>>> print(open('coords.txt').read())   # compact mmCIF, C-alpha atoms
# COMPACT_ATOMS: atom_id res chain seq x y z
CA MET A 14 -49.99 -69.15 113.58
CA LYS A 15 -47.17 -66.68 114.06
CA PRO A 16 -47.98 -64.67 110.92
CA ASN A 17 -51.65 -64.58 111.95
CA LEU A 18 -50.75 -63.44 115.49
CA ASN A 19 -48.32 -60.90 114.09
CA ARG A 20 -50.98 -59.58 111.74
CA TRP A 21 -53.60 -59.48 114.52
CA ILE A 22 -51.29 -57.48 116.80
CA ARG A 23 -50.42 -55.11 113.95
CA ASP A 24 -54.08 -54.58 113.08
CA TYR A 25 -55.33 -54.34 116.69
CA PHE A 26 -52.67 -51.98 118.05
CA GLY A 27 -51.79 -50.22 114.81
CA PHE A 28 -48.14 -51.32 115.04
CA SER A 29 -45.73 -51.58 112.14
CA SER A 30 -44.21 -54.96 111.27
CA SER A 31 -41.03 -54.31 113.32
CA GLU A 32 -43.03 -53.02 116.30
CA SER A 33 -45.31 -56.07 116.34
CA ARG A 34 -42.28 -58.42 116.24
CA GLY A 35 -40.69 -56.56 119.16
CA PHE A 36 -43.97 -56.77 121.04
CA LEU A 37 -44.05 -60.57 120.57
CA VAL A 38 -40.47 -60.94 121.80
CA LEU A 39 -41.30 -58.90 124.91
CA LEU A 40 -44.32 -61.12 125.61
CA PHE A 41 -42.19 -64.27 125.43
CA VAL A 42 -39.56 -62.78 127.77
CA ILE A 43 -42.20 -61.85 130.37
CA ALA A 44 -43.80 -65.30 130.15
CA GLY A 45 -40.41 -66.93 130.65
CA LEU A 46 -39.68 -64.87 133.75
CA LEU A 47 -43.05 -65.75 135.25
CA LEU A 48 -42.58 -69.49 134.62
CA THR A 49 -38.97 -69.69 135.87
CA PRO A 50 -39.84 -70.22 139.61
CA PHE A 51 -42.16 -73.09 138.73
CA LEU A 52 -39.58 -74.73 136.48
CA LEU A 53 -36.89 -74.54 139.19
CA ASP A 54 -39.06 -76.63 141.51
CA PHE A 55 -38.68 -79.59 139.14
CA LEU A 56 -34.88 -79.49 139.24
CA PRO A 57 -33.19 -81.99 141.64
CA ASP A 58 -31.69 -80.64 144.86
CA LYS A 59 -27.92 -80.30 144.93
CA VAL A 60 -26.35 -83.02 147.03
CA PRO A 61 -23.25 -81.91 148.94
CA PRO A 62 -20.04 -83.80 148.28
CA ALA A 63 -19.22 -86.67 150.56
CA ASN A 64 -16.31 -84.90 152.25
CA ASP A 65 -18.49 -81.80 153.09
CA SER A 66 -21.17 -84.06 154.53
CA GLN A 67 -18.61 -85.75 156.76
CA LYS A 68 -17.36 -82.38 158.04
CA LEU A 69 -20.91 -81.32 158.87
CA ASP A 70 -21.53 -84.55 160.78
CA SER A 71 -18.37 -84.01 162.84
CA VAL A 72 -19.42 -80.46 163.81
CA VAL A 73 -22.87 -81.69 164.88
CA ALA A 74 -21.28 -84.45 166.95
CA GLN A 75 -19.10 -81.92 168.77
CA LEU A 76 -22.11 -79.80 169.61
CA GLU A 77 -24.01 -82.78 170.97
CA VAL A 78 -21.25 -83.79 173.40
CA SER A 79 -20.80 -80.25 174.75
CA THR A 80 -22.03 -80.02 178.33
CA PRO A 81 -23.62 -77.02 180.07
CA GLU A 82 -20.57 -76.89 182.36
CA GLU A 83 -18.53 -75.52 179.46
CA TYR A 84 -20.50 -72.27 179.62
CA PRO A 85 -20.13 -70.34 182.90
CA TYR A 86 -23.35 -69.29 184.55
CA GLU A 87 -22.03 -65.72 184.80
CA ILE A 88 -23.20 -65.21 181.19
CA LYS A 89 -26.80 -65.46 182.34
CA GLU A 90 -26.26 -62.55 184.68
CA LYS A 91 -25.99 -60.21 181.72
CA HIS A 92 -29.55 -61.04 180.66
CA SER A 93 -31.36 -60.53 183.95
CA ARG A 94 -30.33 -58.53 186.98
CA ARG A 95 -32.86 -60.31 189.12
CA SER A 96 -31.11 -63.63 188.50
CA ASP A 97 -28.23 -62.27 190.60
CA TYR A 98 -29.93 -63.64 193.70
CA HIS A 99 -29.40 -67.18 192.36
CA SER A 100 -26.50 -66.91 189.90
CA GLU A 101 -23.95 -64.80 191.80
CA LYS A 102 -21.05 -66.66 193.32
CA ALA A 103 -21.84 -67.77 196.83
CA VAL A 104 -20.71 -65.32 199.49
CA SER A 105 -20.73 -65.88 203.21
CA VAL A 106 -23.81 -64.09 204.54
CA ARG A 107 -23.21 -62.52 207.93
CA LEU A 108 -26.02 -60.75 209.76
CA PHE A 109 -25.08 -57.95 212.13
CA PRO A 110 -26.71 -54.78 213.52
CA PHE A 111 -26.41 -52.01 210.95
CA ASN A 112 -27.56 -48.51 210.08
CA PRO A 113 -28.83 -48.48 206.46
CA ASN A 114 -27.92 -44.80 206.19
CA THR A 115 -24.19 -45.39 206.69
CA ILE A 116 -23.02 -48.89 205.72
CA SER A 117 -21.02 -49.49 202.55
CA ALA A 118 -21.81 -51.56 199.48
CA GLU A 119 -19.51 -54.37 200.67
CA GLN A 120 -21.37 -54.53 203.98
CA TRP A 121 -24.71 -54.72 202.14
CA GLN A 122 -23.33 -57.71 200.24
CA GLN A 123 -22.27 -59.33 203.51
CA LEU A 124 -25.90 -59.01 204.59
CA GLY A 125 -26.97 -61.03 201.55
CA LEU A 126 -27.80 -58.37 198.93
CA PRO A 127 -26.43 -58.59 195.37
CA ARG A 128 -23.89 -56.01 194.26
CA TRP A 129 -26.26 -54.13 191.93
CA MET A 130 -28.85 -53.73 194.71
CA ALA A 131 -26.16 -52.42 197.09
CA GLU A 132 -25.08 -49.89 194.45
CA ARG A 133 -28.71 -48.83 193.93
CA ILE A 134 -29.07 -48.10 197.65
CA LEU A 135 -25.87 -46.05 197.66
CA LYS A 136 -27.10 -44.02 194.67
CA TYR A 137 -30.37 -43.39 196.50
CA ARG A 138 -28.46 -42.09 199.52
CA ALA A 139 -26.15 -39.97 197.33
CA LYS A 140 -29.19 -38.16 195.90
CA GLY A 141 -30.37 -37.15 199.36
CA GLY A 142 -32.48 -40.19 200.19
CA ALA A 143 -32.52 -41.44 203.77
CA PHE A 144 -34.10 -44.23 205.80
CA ARG A 145 -36.04 -42.84 208.75
CA LYS A 146 -37.90 -46.01 209.64
CA LYS A 147 -37.24 -49.65 208.91
CA GLU A 148 -39.99 -49.96 206.30
CA ASP A 149 -38.29 -47.29 204.17
CA LEU A 150 -35.98 -50.00 202.81
CA LEU A 151 -38.93 -51.37 200.84
CA ARG A 152 -39.13 -48.05 198.97
CA ILE A 153 -35.98 -49.09 197.09
CA TYR A 154 -37.17 -50.43 193.77
CA ASP A 155 -37.09 -54.24 193.57
CA PHE A 156 -35.85 -54.66 197.17
CA PRO A 157 -36.72 -58.30 198.04
CA ARG A 158 -39.34 -58.53 200.77
CA ASP A 159 -38.03 -61.86 202.07
CA THR A 160 -34.56 -60.33 202.54
CA TYR A 161 -36.13 -57.38 204.37
CA GLN A 162 -37.85 -59.74 206.80
CA LYS A 163 -34.49 -61.34 207.61
CA LEU A 164 -32.75 -57.99 208.05
CA GLU A 165 -35.51 -56.16 209.92
CA PRO A 166 -34.45 -57.29 213.45
CA TYR A 167 -30.88 -56.06 212.77
CA ILE A 168 -31.78 -52.57 211.48
CA GLN A 169 -30.59 -49.91 213.89
CA LEU A 170 -31.83 -46.31 213.45
CA PRO A 171 -31.07 -43.42 215.83
CA GLU A 172 -34.69 -42.61 216.56
CA LEU A 173 -35.53 -46.28 217.14
CA ALA A 174 -32.56 -47.26 219.29
CA ASN A 175 -32.82 -47.66 223.06
CA THR A 176 -31.42 -44.91 225.21
CA LYS A 177 -29.29 -47.31 227.21
CA SER A 178 -25.72 -46.62 226.27
CA SER A 179 -24.69 -50.14 227.32
CA ASP A 180 -26.78 -51.58 224.49
CA PHE A 181 -24.69 -49.71 221.93
CA ALA A 182 -21.19 -50.10 223.23
CA PRO A 183 -18.77 -50.33 220.33
CA SER A 184 -17.83 -53.88 219.45
CA PRO A 185 -14.41 -54.64 217.98
CA SER A 186 -15.99 -57.15 215.60
CA LEU A 187 -18.24 -54.55 213.99
CA PRO A 188 -17.18 -51.60 211.80
CA ALA A 189 -17.92 -48.16 213.17
CA SER A 190 -20.28 -47.48 210.25
CA THR A 191 -22.65 -50.22 211.49
CA LEU A 192 -23.23 -48.60 214.90
CA PRO A 193 -26.84 -47.42 215.47
CA TYR A 194 -26.10 -43.73 215.43
CA SER A 195 -25.37 -41.28 212.65
CA THR A 196 -22.40 -38.94 212.52
CA SER A 197 -23.88 -36.88 209.65
CA PRO A 198 -24.32 -33.16 210.42
CA LYS A 199 -27.77 -32.01 211.46
CA ARG A 200 -29.73 -29.81 209.13
CA GLU A 201 -30.60 -26.25 209.95
CA LYS A 202 -33.80 -26.02 211.97
CA LEU A 203 -36.63 -24.75 209.79
CA THR A 204 -39.27 -22.22 210.66
CA ARG A 205 -42.70 -22.32 209.05
CA PHE A 206 -42.89 -20.71 205.62
CA ASP A 207 -45.52 -19.86 203.00
CA LEU A 208 -45.68 -22.42 200.20
CA ASN A 209 -46.68 -19.69 197.73
CA GLU A 210 -43.70 -17.49 198.57
CA ALA A 211 -40.90 -20.02 199.15
CA ASP A 212 -38.00 -20.06 196.70
CA THR A 213 -35.74 -22.97 195.79
CA SER A 214 -33.15 -22.19 198.49
CA GLN A 215 -35.83 -22.34 201.19
CA LEU A 216 -37.39 -25.51 199.85
CA LYS A 217 -34.01 -27.24 199.73
CA LYS A 218 -33.74 -26.86 203.50
CA VAL A 219 -36.53 -29.40 203.85
CA TYR A 220 -35.07 -32.85 204.38
CA GLY A 221 -35.26 -34.94 201.19
CA ILE A 222 -35.58 -32.04 198.72
CA GLY A 223 -32.78 -31.19 196.32
CA SER A 224 -32.45 -28.70 193.49
CA LYS A 225 -34.53 -30.70 190.99
CA LEU A 226 -37.46 -31.29 193.35
CA ALA A 227 -37.40 -27.68 194.52
CA SER A 228 -37.53 -26.41 190.92
CA ARG A 229 -40.31 -28.89 190.09
CA ILE A 230 -42.43 -27.69 193.04
CA ILE A 231 -42.08 -24.04 192.01
CA ARG A 232 -42.81 -24.83 188.35
CA PHE A 233 -45.98 -26.72 189.31
CA ARG A 234 -47.02 -23.87 191.64
CA ASP A 235 -46.54 -21.29 188.88
CA ASN A 236 -48.51 -23.35 186.36
CA LEU A 237 -51.35 -23.67 188.83
CA GLY A 238 -51.40 -20.00 189.67
CA GLY A 239 -50.50 -20.71 193.29
CA PHE A 240 -51.55 -23.22 195.94
CA VAL A 241 -55.01 -22.78 197.47
CA ARG A 242 -54.66 -25.80 199.78
CA GLU A 243 -51.61 -27.34 201.45
CA GLU A 244 -52.67 -30.79 200.20
CA GLN A 245 -51.99 -29.73 196.61
CA ILE A 246 -48.30 -30.33 197.31
CA ARG A 247 -49.08 -34.06 196.99
CA GLU A 248 -49.82 -33.51 193.28
CA VAL A 249 -46.20 -32.62 192.49
CA TRP A 250 -44.71 -35.51 190.56
CA GLY A 251 -41.79 -37.29 192.24
CA LEU A 252 -42.49 -36.40 195.88
CA ASP A 253 -42.73 -39.45 198.12
CA SER A 254 -44.93 -39.53 201.20
CA THR A 255 -42.06 -38.83 203.61
CA VAL A 256 -41.02 -35.63 201.82
CA VAL A 257 -44.66 -34.52 201.59
CA LEU A 258 -45.05 -34.90 205.36
CA GLU A 259 -41.91 -32.82 205.90
CA LEU A 260 -43.25 -30.10 203.61
CA LEU A 261 -46.65 -30.06 205.29
CA LYS A 262 -44.92 -29.87 208.66
CA HIS A 263 -43.11 -26.65 207.76
CA GLY A 264 -45.15 -25.17 204.88
CA HIS A 265 -48.51 -23.43 205.03
CA ILE A 266 -50.66 -21.03 203.00
CA SER A 267 -51.17 -17.69 204.69
CA ASN A 268 -52.90 -15.67 201.97
CA PRO A 269 -54.83 -17.68 199.33
CA THR A 270 -56.27 -14.45 197.86
CA THR A 271 -52.99 -13.92 195.98
CA ILE A 272 -53.86 -16.77 193.61
CA ARG A 273 -53.46 -15.88 189.92
CA LYS A 274 -56.85 -16.36 188.28
CA ILE A 275 -57.92 -16.88 184.68
CA ARG A 276 -60.57 -14.49 183.37
CA ILE A 277 -62.65 -17.15 181.68
CA ASN A 278 -64.65 -14.71 179.52
CA GLU A 279 -61.63 -12.81 178.24
CA VAL A 280 -58.89 -15.40 177.80
CA LYS A 281 -58.01 -16.34 174.23
CA ALA A 282 -58.53 -19.94 173.18
CA GLU A 283 -54.83 -20.50 172.39
CA GLU A 284 -53.82 -19.15 175.83
CA PHE A 285 -56.37 -21.07 177.88
CA ARG A 286 -54.49 -23.84 179.65
CA HIS A 287 -54.20 -25.15 183.20
CA PRO A 288 -52.67 -28.28 184.81
CA TYR A 289 -56.15 -29.46 185.81
CA LEU A 290 -57.48 -29.17 182.25
CA LYS A 291 -56.76 -31.51 179.38
CA PRO A 292 -56.35 -29.66 176.05
CA TYR A 293 -59.52 -31.06 174.49
CA VAL A 294 -61.56 -30.03 177.56
CA ALA A 295 -60.15 -26.48 177.36
CA LYS A 296 -61.18 -26.34 173.68
CA ALA A 297 -64.67 -27.54 174.57
CA ILE A 298 -65.03 -24.74 177.15
CA MET A 299 -63.95 -22.12 174.63
CA ALA A 300 -66.32 -23.54 171.99
CA TYR A 301 -69.23 -23.43 174.45
CA ARG A 302 -68.44 -19.80 175.29
CA ASN A 303 -68.42 -18.89 171.58
CA GLN A 304 -71.78 -20.57 171.04
CA HIS A 305 -73.65 -19.55 174.22
CA GLY A 306 -71.95 -16.35 175.34
CA ALA A 307 -70.09 -15.40 178.51
CA PHE A 308 -70.05 -17.55 181.62
CA ARG A 309 -71.74 -15.84 184.56
CA SER A 310 -70.86 -18.37 187.27
CA VAL A 311 -69.55 -21.85 187.85
CA ALA A 312 -73.08 -23.15 187.25
CA ASP A 313 -72.78 -22.22 183.56
CA LEU A 314 -69.59 -24.28 183.27
CA LYS A 315 -71.48 -27.37 184.40
CA ALA A 316 -73.22 -27.35 181.04
CA VAL A 317 -69.94 -28.24 179.30
CA LYS A 318 -70.34 -31.99 178.89
CA LEU A 319 -66.61 -32.84 178.84
CA LEU A 320 -65.94 -31.00 182.10
CA ASP A 321 -66.57 -33.42 184.97
CA GLU A 322 -67.59 -32.26 188.42
CA GLN A 323 -64.36 -33.24 190.16
CA THR A 324 -62.20 -31.30 187.70
CA LEU A 325 -64.50 -28.29 187.92
CA LYS A 326 -64.26 -28.30 191.71
CA LYS A 327 -60.45 -28.23 191.55
CA LEU A 328 -60.45 -25.58 188.81
CA GLU A 329 -63.04 -23.23 190.38
CA PRO A 330 -60.61 -21.28 192.66
CA TYR A 331 -58.57 -20.31 189.58
CA LEU A 332 -61.42 -18.82 187.52
CA ALA A 333 -62.73 -15.27 187.47
CA TYR A 334 -65.89 -14.12 185.64
>>> encode(input="coords.txt", output="structure tokens")
Amino acid sequence: MKPNLNRWIRDYFGFSSSESRGFLVLLFVIAGLLLTPFLLDFLPDKVPPANDSQKLDSVVAQLEVSTPEEYPYEIKEKHSRRSDYHSEKAVSVRLFPFNPNTISAEQWQQLGLPRWMAERILKYRAKGGAFRKKEDLLRIYDFPRDTYQKLEPYIQLPELANTKSSDFAPSPSLPASTLPYSTSPKREKLTRFDLNEADTSQLKKVYGIGSKLASRIIRFRDNLGGFVREEQIREVWGLDSTVVLELLKHGHISNPTTIRKIRINEVKAEEFRHPYLKPYVAKAIMAYRNQHGAFRSVADLKAVKLLDEQTLKKLEPYLAY
């Protein structure tokens, strides 16, 4: 059969005698490689020596008799910070009147908070955060509500304390930092200012605003083209409700005609952008202008299908025709 197969390969492929023999050898090698996995399945499994088997049994036996007490529960603390409420070593909880704006991390722990939560509160205060009413404690991320309910009767804030001096007489058993008054210096009294003209130094005088927030407000104002309504300050990312109220108390808009407007019929497509417009909506507006000509009024913009009425209403003060 081999000479016939050799001759058939030589005739079919036009090989020489040596080439056809090499071709046959290659075929047998490939077939052997393909069949090797199937042949290995028929081989008996290797049985470990008796002494190795005995060693393995002894290791398994040691693992089975190990008790959970051999592994301290502190290891679990590394996997979940929230488990600190249950896994931290028991500390004596002592409730006492306190000012959340002044007490230390150790005093927070005496009140029943875990160390990492106490450190989070101190970081919040270090960045300019303050508690002006009792409910502000719940603004701390992950602050337990049940703990707040226990602490709420003991929270002492200057603006909430009674005016009777006898109620706040210093007690030798309490640290001075827990007394219901603050020794921090008062901020400079602010006069009303224009939100469209204020710089970072003026914004930083508002309680709760630092350098980053002040820069973010000005950057958002410049991207808009100016504020047309005081309420737009709420759209600045990162401002909480308390800071917004402080800004609205001191800031106003005196001259909305100074708003920087976009000339909708002259702006280039690559330059047409606005915080109220998503990029694909801006492209749709430019494509509509190229197809149908210049926009004469806001009514023409309503024909752009991707531009919803709410966005158009917010964008309208910034467009010029």
>>> atom_distance(input="coords.txt", atom1="CA of Leu237 (chain A)", atom2="CA of His287 (chain A)")
6.5 Å
>>> closest_residue(input="coords.txt", among="A:Leu216, A:Tyr331, A:Met299, A:Val280", to="Phe240 (chain A)", atoms="all atoms listed in the file")
A:Tyr331
>>> closest_residue(input="coords.txt", among="A:Ile134, A:Leu46, A:Leu332, A:Leu260", to="Tyr289 (chain A)", atoms="all atoms listed in the file")
A:Leu332
>>> closest_residue(input="coords.txt", among="A:Phe308, A:Tyr293, A:Phe28, A:Phe206", to="Lys218 (chain A)", atoms="only C-alpha atoms")
A:Phe206
>>> closest_residue(input="coords.txt", among="A:Val256, A:Val219, A:Met130, A:Leu135", to="Pro157 (chain A)", atoms="all atoms listed in the file")
A:Met130
>>> atom_distance(input="coords.txt", atom1="CA of Arg107 (chain A)", atom2="CA of Tyr137 (chain A)")
23.4 Å
>>> closest_residue(input="coords.txt", among="A:Thr271, A:Gln120, A:Ser224, A:Asn278", to="Glu210 (chain A)", atoms="only C-alpha atoms")
A:Thr271
>>> residues_around(input="coords.txt", residues="region 226-230 of chain A", least_positions_apart="6", cutoff="10 Å", atoms="only C-alpha atoms", output="PyMOL selection string")
chain A and resi 208+211-219+246+248-252
>>> residues_around(input="coords.txt", residues="Arg276 (chain A)", least_positions_apart="2", cutoff="12 Å", atoms="all atoms listed in the file", output="list in words")
Arg273, Lys274, Asn278, Glu279, Val280, Lys281, Ala282, Glu284, Phe285, Arg286, Ala307, Phe308, Arg309, Ser310, Glu329, Pro330, Tyr331, Leu332, Ala333 and Tyr334 of chain A
>>> write_last_selection(input="coords.txt", atoms="C-alpha atoms", output="JSON list (two decimals), keeping the file's coordinate frame")
[["chain", "number", "residue", "atom", "x", "y", "z"],
["A", 273, "ARG", "CA", -53.46, -15.88, 189.92],
["A", 274, "LYS", "CA", -56.85, -16.36, 188.28],
["A", 278, "ASN", "CA", -64.65, -14.71, 179.52],
["A", 279, "GLU", "CA", -61.63, -12.81, 178.24],
["A", 280, "VAL", "CA", -58.89, -15.40, 177.80],
["A", 281, "LYS", "CA", -58.01, -16.34, 174.23],
["A", 282, "ALA", "CA", -58.53, -19.94, 173.18],
["A", 284, "GLU", "CA", -53.82, -19.15, 175.83],
["A", 285, "PHE", "CA", -56.37, -21.07, 177.88],
["A", 286, "ARG", "CA", -54.49, -23.84, 179.65],
["A", 307, "ALA", "CA", -70.09, -15.40, 178.51],
["A", 308, "PHE", "CA", -70.05, -17.55, 181.62],
["A", 309, "ARG", "CA", -71.74, -15.84, 184.56],
["A", 310, "SER", "CA", -70.86, -18.37, 187.27],
["A", 329, "GLU", "CA", -63.04, -23.23, 190.38],
["A", 330, "PRO", "CA", -60.61, -21.28, 192.66],
["A", 331, "TYR", "CA", -58.57, -20.31, 189.58],
["A", 332, "LEU", "CA", -61.42, -18.82, 187.52],
["A", 333, "ALA", "CA", -62.73, -15.27, 187.47],
["A", 334, "TYR", "CA", -65.89, -14.12, 185.64]]
>>> axis_aligned_box(input="coords.txt", around="region 320-328 of chain A", padding_each_side="4 Å", output="AutoDock Vina command-line options")
--center_x -64.0 --center_y -29.5 --center_z 186.9 --size_x 15.1 --size_y 15.8 --size_z 17.6
>>> atom_distance(input="coords.txt", atom1="CA of Gln162 (chain A)", atom2="CA of Leu258 (chain A)")
25.9 Å
>>> decode(input="coords.txt", residues="region 209-239 of chain A", atoms="C-alpha atoms", output="mmCIF file, in the first residue's frame")
data_model
loop_
_atom_site.group_PDB
_atom_site.id
_atom_site.type_symbol
_atom_site.label_atom_id
_atom_site.label_comp_id
_atom_site.auth_asym_id
_atom_site.auth_seq_id
_atom_site.Cartn_x
_atom_site.Cartn_y
_atom_site.Cartn_z
ATOM 1 C CA ASN A 209 -20.799 87.688 37.649
ATOM 2 C CA GLU A 210 -18.027 89.965 38.905
ATOM 3 C CA ALA A 211 -16.773 88.157 42.024
ATOM 4 C CA ASP A 212 -13.248 86.752 41.967
ATOM 5 C CA THR A 213 -11.868 83.803 43.934
ATOM 6 C CA SER A 214 -10.736 85.924 46.898
ATOM 7 C CA GLN A 215 -14.250 87.317 47.337
ATOM 8 C CA LEU A 216 -15.914 83.943 46.968
ATOM 9 C CA LYS A 217 -13.607 82.409 49.573
ATOM 10 C CA LYS A 218 -15.012 84.809 52.155
ATOM 11 C CA VAL A 219 -18.289 82.901 51.985
ATOM 12 C CA TYR A 220 -18.407 80.305 54.743
ATOM 13 C CA GLY A 221 -17.737 76.802 53.375
ATOM 14 C CA ILE A 222 -15.945 77.863 50.165
ATOM 15 C CA GLY A 223 -12.249 77.222 49.690
ATOM 16 C CA SER A 224 -9.876 77.733 46.793
ATOM 17 C CA LYS A 225 -11.067 74.701 44.800
ATOM 18 C CA LEU A 226 -14.774 75.527 45.055
ATOM 19 C CA ALA A 227 -14.136 79.185 44.259
ATOM 20 C CA SER A 228 -12.173 78.255 41.119
ATOM 21 C CA ARG A 229 -14.870 75.749 40.114
ATOM 22 C CA ILE A 230 -17.613 78.397 40.423
ATOM 23 C CA ILE A 231 -15.699 80.870 38.244
ATOM 24 C CA ARG A 232 -14.853 78.190 35.661
ATOM 25 C CA PHE A 233 -18.516 77.163 35.406
ATOM 26 C CA ARG A 234 -19.562 80.836 35.137
ATOM 27 C CA ASP A 235 -17.074 81.464 32.325
ATOM 28 C CA ASN A 236 -18.177 78.362 30.412
ATOM 29 C CA LEU A 237 -21.782 79.478 30.677
ATOM 30 C CA GLY A 238 -21.056 83.005 29.560
ATOM 31 C CA GLY A 239 -22.214 84.407 32.898
#
